[in-house]
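Next comes protein.cif, a file with mmCIF, C-alpha atoms.
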data_my_file
#
loop_
_atom_site.label_atom_id
_atom_site.label_comp_id
_atom_site.auth_asym_id
_atom_site.auth_seq_id
_atom_site.Cartn_x
_atom_site.Cartn_y
_atom_site.Cartn_z
CA LEU A 5 -7.50 19.18 -14.67
CA MET A 6 -9.62 16.04 -14.50
CA SER A 7 -12.44 17.63 -16.47
CA VAL A 8 -10.03 18.64 -19.26
CA LEU A 9 -8.48 15.17 -19.35
CA SER A 10 -11.86 13.45 -19.45
CA ALA A 11 -13.05 15.77 -22.23
CA LEU A 12 -9.95 15.19 -24.37
CA GLY A 13 -9.35 11.54 -23.60
CA SER A 14 -11.21 8.39 -24.40
CA GLN A 15 -12.28 5.69 -22.02
CA ASP A 16 -10.39 2.43 -22.27
CA ASN A 17 -12.40 -0.60 -21.27
CA LYS A 18 -9.25 -2.48 -20.25
CA THR A 19 -8.44 0.00 -17.50
CA VAL A 20 -9.26 -1.11 -13.97
CA ALA A 21 -10.38 1.53 -11.48
CA ILE A 22 -8.18 1.81 -8.40
CA LYS A 23 -9.37 3.53 -5.26
CA LYS A 24 -6.88 4.93 -2.76
CA LYS A 25 -7.70 6.34 0.63
CA VAL A 26 -5.84 9.57 1.24
CA ARG A 27 -5.31 10.17 4.91
CA ASP A 28 -4.29 13.78 4.68
CA VAL A 29 -4.24 14.51 8.39
CA VAL A 30 -1.67 16.58 10.23
CA MET A 31 -0.14 14.46 12.98
CA PHE A 32 2.03 15.54 15.86
CA SER A 33 5.15 13.81 17.01
CA ALA A 34 4.73 11.75 20.17
CA LYS A 35 8.12 12.85 21.47
CA LYS A 36 8.15 14.78 24.71
CA HIS A 37 9.64 17.99 23.36
CA LYS A 38 8.36 21.48 24.01
CA ASP A 39 7.54 22.13 20.37
CA LYS A 40 5.93 19.11 18.84
CA MET A 41 6.56 19.22 15.13
CA PRO A 42 3.60 18.45 12.87
CA TRP A 43 4.04 15.99 10.02
CA ARG A 44 1.93 14.48 7.28
CA ARG A 45 2.38 11.80 4.70
CA HIS A 46 4.45 12.88 1.75
CA PRO A 47 2.48 13.22 -1.50
CA ALA A 48 5.20 11.28 -3.31
CA TRP A 49 4.35 8.26 -1.15
CA LEU A 50 0.77 8.27 -2.46
CA ALA A 51 2.05 8.71 -6.01
CA PHE A 52 4.48 5.80 -5.58
CA LYS A 53 1.75 3.52 -4.19
CA PHE A 54 -0.65 4.48 -7.00
CA VAL A 55 1.92 3.88 -9.76
CA LEU A 56 2.93 0.54 -8.27
CA HIS A 57 -0.68 -0.58 -7.82
CA SER A 58 -1.88 0.54 -11.24
CA THR A 59 1.14 -1.00 -12.99
CA LEU A 60 0.64 -4.35 -11.29
CA VAL A 61 -3.11 -4.36 -11.96
CA ASN A 62 -2.79 -3.30 -15.61
CA ASN A 63 -0.02 -5.84 -16.34
CA ASN A 64 -1.41 -8.80 -14.37
CA GLY A 65 -5.17 -8.34 -14.12
CA ALA A 66 -7.23 -7.06 -11.21
CA GLU A 67 -7.03 -10.10 -8.89
CA LEU A 68 -3.39 -11.02 -9.38
CA GLY A 69 -2.35 -7.35 -9.45
CA ALA A 70 -4.05 -6.70 -6.10
CA VAL A 71 -2.34 -9.72 -4.54
CA LEU A 72 1.05 -8.67 -5.90
CA TYR A 73 0.53 -5.10 -4.68
CA LYS A 74 -0.46 -6.18 -1.18
CA SER A 75 2.48 -8.61 -1.09
CA ALA A 76 4.91 -5.89 -2.15
CA MET A 77 3.60 -3.47 0.48
CA LEU A 78 3.83 -6.18 3.13
CA GLN A 79 7.40 -6.96 2.12
CA PHE A 80 8.26 -3.25 2.25
CA MET A 81 6.85 -2.94 5.77
CA VAL A 82 8.70 -6.03 7.00
CA SER A 83 11.99 -4.74 5.60
CA PHE A 84 11.25 -1.33 7.15
CA ILE A 85 10.81 -2.93 10.58
CA LYS A 86 14.21 -4.61 10.26
CA LEU A 87 15.99 -1.25 10.03
CA PRO A 88 18.12 -0.58 13.14
CA ILE A 89 16.46 2.79 13.84
CA HIS A 90 13.20 1.04 14.76
CA GLN A 91 14.86 -1.17 17.36
CA GLN A 92 15.28 1.92 19.57
CA ASP A 93 11.59 2.72 20.01
CA PRO A 94 9.53 -0.24 21.30
CA ASP A 95 6.22 1.60 20.82
CA LEU A 96 6.91 2.25 17.14
CA LEU A 97 8.08 -1.32 16.67
CA SER A 98 4.90 -2.61 18.32
CA GLN A 99 2.70 -0.42 16.08
CA MET A 100 4.54 -1.52 12.95
CA MET A 101 4.25 -5.19 13.91
CA ALA A 102 0.50 -4.73 14.46
CA LYS A 103 0.21 -3.17 10.98
CA VAL A 104 2.15 -6.07 9.45
CA SER A 105 -0.16 -8.50 11.21
CA GLN A 106 -3.24 -6.70 9.86
CA ARG A 107 -1.84 -6.62 6.32
CA THR A 108 -0.94 -10.31 6.53
CA HIS A 109 -4.50 -11.14 7.58
CA LYS A 110 -5.96 -9.02 4.74
CA LEU A 111 -3.67 -10.71 2.23
CA THR A 112 -4.67 -14.16 3.51
CA VAL A 113 -8.38 -13.29 3.21
CA LEU A 114 -7.82 -11.94 -0.31
CA LEU A 115 -5.89 -15.04 -1.35
CA ASP A 116 -8.65 -17.33 -0.07
CA LYS A 117 -11.21 -15.27 -1.97
CA VAL A 118 -9.44 -15.14 -5.34
CA LYS A 119 -7.48 -18.41 -5.28
CA PRO A 120 -9.49 -20.10 -8.08
CA HIS A 121 -9.20 -17.01 -10.30
CA LEU A 122 -5.47 -16.71 -9.61
CA THR A 123 -4.77 -20.29 -10.53
CA LYS A 124 -6.50 -19.82 -13.88
CA ALA A 125 -4.80 -16.45 -14.49
CA MET A 126 -1.33 -17.82 -13.72
CA GLN A 127 -1.90 -20.82 -15.97
CA ASN A 128 -2.94 -18.47 -18.80
CA GLN A 129 0.22 -16.37 -18.31
CA VAL A 130 2.44 -19.43 -18.42
CA ASN A 131 0.85 -20.70 -21.64
#
Would you give me this structure, written as structure tokens?
Amino acid sequence: LMSVLSALGSQDNKTVAIKKKVRDVVMFSAKKHKDKMPWRRHPAWLAFKFVLHSTLVNNNGAELGAVLYKSAMLQFMVSFIKLPIHQQDPDLLSQMMAKVSQRTHKLTVLLDKVKPHLTKAMQNQVN
């Protein structure tokens, strides 16, 4: 499919390349049942993340789009932790809080790195 699309399409210089890591690994539930059910990430989740990321990057530029995407994913994870079903399992809650901490650190590092570019980009959008 990609070869057909690349042959028929044209390359747009405004498009920013986005790389996504696909962790397509079969995991097993940690529950102590006889038959541990395998699970994997739903393909729609990857599609949702890609659409969100590419939309934010194409509409706001690479730096600001990346910051907005990471902020949105962080907000989603924080709201996911607040759901009552996660209060039952302290191990899952601990893992989710560790992931939120890692994402917060990554966002802070990214903001420090692109802060001058973001200030200029936001000023240009306002004007």
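Selecting by distance to (-5.1, -8.5, -4.5) with a limit of 9 Å and using all atoms listed in the file, one obtains A:Val61, A:Ala66, A:Glu67, A:Leu68, A:Gly69, A:Ala70, A:Val71, A:Leu72, A:Tyr73, A:Lys74, A:Ser75, A:Leu111, A:Leu114, A:Leu115, A:Val118.
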What's the 12 Å shell around Lys86 of chain A, counting all atoms listed in the file, without same-chain residues fewer than 6 positions away, as a compact mmCIF listing (two decimals) with C-alpha atoms, in the frame of the given file?
# COMPACT_ATOMS: atom_id res chain seq x y z
CA GLN A 79 7.40 -6.96 2.12
CA PHE A 80 8.26 -3.25 2.25
CA GLN A 92 15.28 1.92 19.57
CA LEU A 97 8.08 -1.32 16.67
CA MET A 100 4.54 -1.52 12.95
CA MET A 101 4.25 -5.19 13.91
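Using only C-alpha atoms, the smallest distance between any of A:Asp93, A:Val104, A:Asn64, A:Phe84 and Asn128 of chain A comes from A:Asn64.
The coordinates place atom CA of Ala76 of chain A at 10.1 Å from atom CA of Lys53 of chain A.
Closest approach to Leu50 of chain A from the set A:Lys110, A:Lys23, A:Gly65, A:Leu96 is made by A:Lys23, with distances taken over only C-alpha atoms.
Across the model, the gap from atom CA of Gln99 of chain A to atom CA of Thr59 of chain A is 29.1 Å.
Between atom CA of Arg45 of chain A and atom CA of Asn62 of chain A lies a distance of 25.8 Å.
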Return as lines of an AutoDock Vina configuration file the centre and edge lengths, in Å with one decimal, of the box along x, y and z that encloses every atom of segment 60-79 of chain A in the file, padded by 4 Å per side.
center_x = 0.1
center_y = -7.2
center_z = -6.6
size_x = 22.6
size_y = 15.7
size_z = 27.5
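Of the residues listed (A:Asn63, A:Arg44, A:Leu78, A:Phe52), A:Leu78 shows the shortest atom-to-atom separation from Thr112 of chain A; distances use only C-alpha atoms.
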